[in-house]
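What follows is a set of notes on a single structure, which appears directly below.
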Amino acid sequence: MRYAIYFTPRQDETLARIAANWLGRDPFGAATKPVEAVGELSAAEVAFHTASARRYGFHATLKAPFRLASTETEASLRAALDDFAEATPVVTIPRLIVTQIDGFFALVPEAPLPALNRFADDVVHDFDRFRAPLTEAEIERRSPDSLKPDEFRNLCQWGYPYVFETFRFHMTLSGRVSSQESPRLHLAIDSLFAGVLQRPVPVDALTLFVETEPGAPFMVLSHHALGRRPARRTA
């Protein structure tokens, strides 16, 4: 079993509903459903391009998936999330845009947000005690030879290459897409998300996801509102 600390909008928010329809899965517990054609993309093409993102659900990674340390429990992790959320203010992203990162499409902030990066840094640091050390096999799965020196250092120290100075807030919408297919996919995503991306996005909660067994879809376990409000639990 692995846990992950992500940001995702509430299940009833428009951005979450559109993303769930695009990916074909709602991580808040709804069953997987067939994806639909979007623009010039057939349903089969959408399903193909979203397959890898579908398993994780719509999210932005804050603390990447980890096995629980032997000194901690799920209950202690959820209690710590409550405490952290209560003391942490909401960070608002003025606008998200669609872009391509290392071949895959994602929603990212239109401009740098130091407050958002500090928030992500605090999550990585404060919850590292809950993470069991990576095994050699887990390190190898990250293809360490392909990482830059600072990314490899982060992997060894924090369990994930893309934290602190290498962090970039993003909400993944596809797997890697070839340069030939990119324009069609970009156009389809733009048409689907255009309306909702005109609105600010409050990063107003930490969401605990769980992978119950290797390869299982990640599901929402609990949703912890920021800013001295009680956590909204789903399980």
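Convention: chains lettered A, B, ... in structure tokens order; per-chain residue numbering from 1; ligands numbered from 1 as shown.
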
Skipping near chain neighbours, those fewer than 2 positions away, what residues fall within 8 Å of Gly159 of chain A using only C-alpha atoms, listed as a ChimeraX atom specification? /A:64,66,133-134,154-157,161

Who sits within 8 Å of segment 42-58 of chain A, only C-alpha atoms, same chain under 6 positions skipped, as a ChimeraX atom specification: /A:8,16,19-20,22-27,35-36,171-177,216-219

Looking only at the backbone, which of the residues in segment 116-231 of chain A does DSSP tag as strand (DSSP E), as a ChimeraX atom specification? /A:171-176,201-203,205-211,219-225

N, CA and C atoms of the current selection, written as a PDB file, in the first residue's frame:
```pdb
ATOM      1  N   MET A 171      -0.778  19.774 -13.129  1.00  0.00           N
ATOM      2  CA  MET A 171      -1.889  18.833 -13.017  1.00  0.00           C
ATOM      3  C   MET A 171      -1.971  18.086 -14.341  1.00  0.00           C
ATOM      4  N   THR A 172      -1.548  16.836 -14.323  1.00  0.00           N
ATOM      5  CA  THR A 172      -1.317  16.066 -15.543  1.00  0.00           C
ATOM      6  C   THR A 172      -2.621  15.673 -16.226  1.00  0.00           C
ATOM      7  N   LEU A 173      -2.628  15.799 -17.555  1.00  0.00           N
ATOM      8  CA  LEU A 173      -3.806  15.475 -18.356  1.00  0.00           C
ATOM      9  C   LEU A 173      -3.567  14.398 -19.397  1.00  0.00           C
ATOM     10  N   SER A 174      -2.316  13.982 -19.592  1.00  0.00           N
ATOM     11  CA  SER A 174      -2.034  12.974 -20.621  1.00  0.00           C
ATOM     12  C   SER A 174      -0.719  12.287 -20.334  1.00  0.00           C
ATOM     13  N   GLY A 175      -0.458  11.230 -21.094  1.00  0.00           N
ATOM     14  CA  GLY A 175       0.865  10.649 -21.141  1.00  0.00           C
ATOM     15  C   GLY A 175       1.710  11.426 -22.142  1.00  0.00           C
ATOM     16  N   ARG A 176       2.901  10.921 -22.443  1.00  0.00           N
ATOM     17  CA  ARG A 176       3.758  11.592 -23.422  1.00  0.00           C
ATOM     18  C   ARG A 176       3.119  11.507 -24.811  1.00  0.00           C
ATOM     19  N   VAL A 201      -7.927  29.500  -9.319  1.00  0.00           N
ATOM     20  CA  VAL A 201      -8.025  28.181  -8.698  1.00  0.00           C
ATOM     21  C   VAL A 201      -7.441  28.260  -7.291  1.00  0.00           C
ATOM     22  N   PRO A 202      -8.261  28.160  -6.259  1.00  0.00           N
ATOM     23  CA  PRO A 202      -7.727  28.159  -4.899  1.00  0.00           C
ATOM     24  C   PRO A 202      -7.132  26.795  -4.549  1.00  0.00           C
ATOM     25  N   VAL A 203      -5.882  26.788  -4.135  1.00  0.00           N
ATOM     26  CA  VAL A 203      -5.276  25.570  -3.587  1.00  0.00           C
ATOM     27  C   VAL A 203      -5.655  25.581  -2.114  1.00  0.00           C
ATOM     28  N   ALA A 205      -6.790  22.827  -0.100  1.00  0.00           N
ATOM     29  CA  ALA A 205      -6.856  21.572   0.652  1.00  0.00           C
ATOM     30  C   ALA A 205      -5.653  20.703   0.331  1.00  0.00           C
ATOM     31  N   LEU A 206      -5.359  19.809   1.244  1.00  0.00           N
ATOM     32  CA  LEU A 206      -4.470  18.677   0.983  1.00  0.00           C
ATOM     33  C   LEU A 206      -5.349  17.445   0.877  1.00  0.00           C
ATOM     34  N   THR A 207      -5.088  16.624  -0.117  1.00  0.00           N
ATOM     35  CA  THR A 207      -5.890  15.428  -0.320  1.00  0.00           C
ATOM     36  C   THR A 207      -4.995  14.207  -0.210  1.00  0.00           C
ATOM     37  N   LEU A 208      -5.363  13.305   0.675  1.00  0.00           N
ATOM     38  CA  LEU A 208      -4.618  12.065   0.851  1.00  0.00           C
ATOM     39  C   LEU A 208      -5.178  11.016  -0.093  1.00  0.00           C
ATOM     40  N   PHE A 209      -4.321  10.519  -0.986  1.00  0.00           N
ATOM     41  CA  PHE A 209      -4.682   9.459  -1.915  1.00  0.00           C
ATOM     42  C   PHE A 209      -4.053   8.158  -1.425  1.00  0.00           C
ATOM     43  N   VAL A 210      -4.632   7.043  -1.841  1.00  0.00           N
ATOM     44  CA  VAL A 210      -4.090   5.743  -1.471  1.00  0.00           C
ATOM     45  C   VAL A 210      -4.112   4.812  -2.684  1.00  0.00           C
ATOM     46  N   GLU A 211      -3.042   4.053  -2.829  1.00  0.00           N
ATOM     47  CA  GLU A 211      -2.934   2.958  -3.797  1.00  0.00           C
ATOM     48  C   GLU A 211      -2.937   1.682  -2.973  1.00  0.00           C
ATOM     49  N   MET A 219      -6.936   6.406  -5.160  1.00  0.00           N
ATOM     50  CA  MET A 219      -8.244   6.878  -4.745  1.00  0.00           C
ATOM     51  C   MET A 219      -8.101   7.871  -3.599  1.00  0.00           C
ATOM     52  N   VAL A 220      -9.059   8.800  -3.499  1.00  0.00           N
ATOM     53  CA  VAL A 220      -9.066   9.764  -2.407  1.00  0.00           C
ATOM     54  C   VAL A 220      -9.454   9.056  -1.107  1.00  0.00           C
ATOM     55  N   LEU A 221      -8.608   9.240  -0.098  1.00  0.00           N
ATOM     56  CA  LEU A 221      -8.892   8.698   1.221  1.00  0.00           C
ATOM     57  C   LEU A 221      -9.460   9.769   2.142  1.00  0.00           C
ATOM     58  N   SER A 222      -8.899  10.977   2.106  1.00  0.00           N
ATOM     59  CA  SER A 222      -9.412  12.072   2.922  1.00  0.00           C
ATOM     60  C   SER A 222      -9.013  13.399   2.307  1.00  0.00           C
ATOM     61  N   HIS A 223      -9.841  14.404   2.552  1.00  0.00           N
ATOM     62  CA  HIS A 223      -9.680  15.726   1.944  1.00  0.00           C
ATOM     63  C   HIS A 223      -9.629  16.733   3.083  1.00  0.00           C
ATOM     64  N   HIS A 224      -8.502  17.431   3.236  1.00  0.00           N
ATOM     65  CA  HIS A 224      -8.246  18.259   4.409  1.00  0.00           C
ATOM     66  C   HIS A 224      -8.193  19.723   4.007  1.00  0.00           C
ATOM     67  N   ALA A 225      -9.215  20.469   4.365  1.00  0.00           N
ATOM     68  CA  ALA A 225      -9.320  21.868   3.967  1.00  0.00           C
ATOM     69  C   ALA A 225      -8.293  22.717   4.694  1.00  0.00           C
TER      70      ALA A 225
END
```

Considering only C-alpha atoms, can you say which of A:Ala137, A:Ala60, A:Met1, A:Val124 comes closest to Val108 of chain A? A:Ala60

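In terms of minimum interatomic distance to Thr71 of chain A, A:Ala132 ranks closest within A:Ala132, A:Leu197, A:Leu15, A:Leu41, counting only C-alpha atoms.
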
Residue nearest Asp83 of chain A among A:Leu226, A:Leu62, A:Ala120, A:Ile139 (counting only C-alpha atoms): A:Leu226

List the neighbours of Phe119 of chain A out to 10 Å using only C-alpha atoms; skip same-chain residues closer than 2 positions along the sequence, and give me the result as an mmCIF file with N, CA and C atoms, in the first residue's frame.
```cif
data_model
loop_
_atom_site.group_PDB
_atom_site.id
_atom_site.type_symbol
_atom_site.label_atom_id
_atom_site.label_comp_id
_atom_site.auth_asym_id
_atom_site.auth_seq_id
_atom_site.Cartn_x
_atom_site.Cartn_y
_atom_site.Cartn_z
ATOM 1 N N LEU A 62 2.216 16.889 -4.434
ATOM 2 C CA LEU A 62 2.921 17.627 -3.390
ATOM 3 C C LEU A 62 3.903 16.701 -2.681
ATOM 4 N N THR A 88 -2.376 26.293 7.840
ATOM 5 C CA THR A 88 -1.853 26.714 6.541
ATOM 6 C C THR A 88 -2.898 27.492 5.758
ATOM 7 N N PRO A 89 -2.565 28.695 5.299
ATOM 8 C CA PRO A 89 -3.542 29.483 4.530
ATOM 9 C C PRO A 89 -3.684 28.975 3.095
ATOM 10 N N VAL A 90 -4.798 29.322 2.502
ATOM 11 C CA VAL A 90 -5.066 28.998 1.102
ATOM 12 C C VAL A 90 -4.132 29.809 0.199
ATOM 13 N N VAL A 91 -3.647 29.174 -0.872
ATOM 14 C CA VAL A 91 -2.886 29.865 -1.916
ATOM 15 C C VAL A 91 -3.741 29.850 -3.179
ATOM 16 N N PRO A 114 5.674 32.214 -5.910
ATOM 17 C CA PRO A 114 6.556 31.815 -4.803
ATOM 18 C C PRO A 114 5.798 31.247 -3.611
ATOM 19 N N ALA A 115 4.621 31.764 -3.309
ATOM 20 C CA ALA A 115 3.855 31.257 -2.167
ATOM 21 C C ALA A 115 3.436 29.809 -2.391
ATOM 22 N N LEU A 116 3.117 29.464 -3.630
ATOM 23 C CA LEU A 116 2.738 28.091 -3.953
ATOM 24 C C LEU A 116 3.933 27.156 -3.815
ATOM 25 N N ASN A 117 5.093 27.614 -4.251
ATOM 26 C CA ASN A 117 6.301 26.798 -4.121
ATOM 27 C C ASN A 117 6.676 26.600 -2.655
ATOM 28 N N ASP A 121 7.008 23.087 -0.734
ATOM 29 C CA ASP A 121 8.228 22.758 0.008
ATOM 30 C C ASP A 121 7.900 22.309 1.431
ATOM 31 N N ASP A 122 6.971 23.013 2.074
ATOM 32 C CA ASP A 122 6.606 22.672 3.453
ATOM 33 C C ASP A 122 5.975 21.282 3.530
ATOM 34 N N VAL A 123 5.150 20.937 2.548
ATOM 35 C CA VAL A 123 4.535 19.609 2.544
ATOM 36 C C VAL A 123 5.607 18.529 2.416
ATOM 37 N N VAL A 124 6.532 18.721 1.488
ATOM 38 C CA VAL A 124 7.607 17.740 1.301
ATOM 39 C C VAL A 124 8.400 17.557 2.592
ATOM 40 N N VAL A 203 -5.882 26.788 -4.135
ATOM 41 C CA VAL A 203 -5.276 25.570 -3.587
ATOM 42 C C VAL A 203 -5.655 25.581 -2.114
#
```

Might you pull out every residue within 9 Å of Leu192 of chain A, with only C-alpha atoms counted and same-chain residues fewer than 6 positions away left off, and present them as a list in words? Ile18, Trp22, Val38 and Gly39 of chain A

Residues of the last selection are to be written out with all heavy atoms, as a tab-separated table (two decimals), in the first residue's frame.
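That gives us part.tsv:
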```tsv
chain	number	residue	atom	x	y	z
A	18	ILE	N	-14.78	18.39	-15.07
A	18	ILE	CA	-14.28	18.36	-16.45
A	18	ILE	C	-13.09	17.42	-16.57
A	18	ILE	O	-12.99	16.61	-17.51
A	18	ILE	CB	-13.91	19.78	-16.92
A	18	ILE	CG1	-15.16	20.65	-17.01
A	18	ILE	CG2	-13.19	19.73	-18.27
A	18	ILE	CD1	-14.87	22.11	-17.30
A	22	TRP	N	-12.64	14.01	-18.80
A	22	TRP	CA	-11.54	13.88	-19.75
A	22	TRP	C	-10.74	12.60	-19.48
A	22	TRP	O	-10.42	11.85	-20.41
A	22	TRP	CB	-10.65	15.11	-19.67
A	22	TRP	CG	-9.32	14.99	-20.33
A	22	TRP	CD1	-8.11	14.84	-19.71
A	22	TRP	CD2	-9.05	15.00	-21.74
A	22	TRP	NE1	-7.10	14.76	-20.63
A	22	TRP	CE2	-7.64	14.85	-21.89
A	22	TRP	CE3	-9.84	15.12	-22.87
A	22	TRP	CZ2	-7.03	14.83	-23.14
A	22	TRP	CZ3	-9.23	15.09	-24.12
A	22	TRP	CH2	-7.84	14.95	-24.26
A	38	VAL	N	-13.55	14.27	-28.06
A	38	VAL	CA	-13.39	15.70	-27.81
A	38	VAL	C	-12.81	16.35	-29.06
A	38	VAL	O	-11.70	16.01	-29.48
A	38	VAL	CB	-12.46	15.97	-26.60
A	38	VAL	CG1	-12.29	17.47	-26.39
A	38	VAL	CG2	-13.00	15.31	-25.34
A	39	GLY	N	-13.56	17.28	-29.64
A	39	GLY	CA	-13.08	17.94	-30.84
A	39	GLY	C	-12.80	16.93	-31.95
A	39	GLY	O	-13.66	16.10	-32.27
```

Those in segment 131-184 of chain A with alpha helix (DSSP H) from DSSP, as an MDAnalysis selection string: chainID A and resid 136:141 149:158 182:184

Would you write out those residues with C-alpha atoms, as a PDB file, in the first residue's frame?
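And here's selection_28.pdb as it stands now:
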```pdb
ATOM      1  CA  GLU A 136      16.954  -0.131  -4.426  1.00  0.00           C
ATOM      2  CA  ALA A 137      14.238  -1.385  -6.766  1.00  0.00           C
ATOM      3  CA  GLU A 138      12.191   1.789  -6.220  1.00  0.00           C
ATOM      4  CA  ILE A 139      15.229   3.945  -6.977  1.00  0.00           C
ATOM      5  CA  GLU A 140      15.912   1.980 -10.153  1.00  0.00           C
ATOM      6  CA  ARG A 141      12.344   2.483 -11.350  1.00  0.00           C
ATOM      7  CA  PRO A 149      22.605  15.626 -10.136  1.00  0.00           C
ATOM      8  CA  ASP A 150      20.156  17.732  -8.098  1.00  0.00           C
ATOM      9  CA  GLU A 151      17.247  15.504  -9.131  1.00  0.00           C
ATOM     10  CA  PHE A 152      19.140  12.393  -8.070  1.00  0.00           C
ATOM     11  CA  ARG A 153      20.025  14.033  -4.763  1.00  0.00           C
ATOM     12  CA  ASN A 154      16.364  14.855  -4.178  1.00  0.00           C
ATOM     13  CA  LEU A 155      15.374  11.294  -5.019  1.00  0.00           C
ATOM     14  CA  CYS A 156      17.770   9.871  -2.441  1.00  0.00           C
ATOM     15  CA  GLN A 157      16.982  12.432   0.269  1.00  0.00           C
ATOM     16  CA  TRP A 158      13.269  13.083  -0.253  1.00  0.00           C
ATOM     17  CA  SER A 182       0.581  17.308 -29.990  1.00  0.00           C
ATOM     18  CA  PRO A 183      -1.301  20.015 -31.951  1.00  0.00           C
ATOM     19  CA  ARG A 184      -4.510  17.958 -32.136  1.00  0.00           C
TER      20      ARG A 184
END
```

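Distances from A:Arg2, A:Arg168, A:Ala111, A:Gln11 to Gly215 of chain A were compared using only C-alpha atoms, and the smallest one belongs to A:Arg2.
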
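Minimum distance to Gln100 of chain A across A:Ala85, A:Leu77, A:Ile189, A:Ala194 (counting only C-alpha atoms) occurs at A:Ile189.
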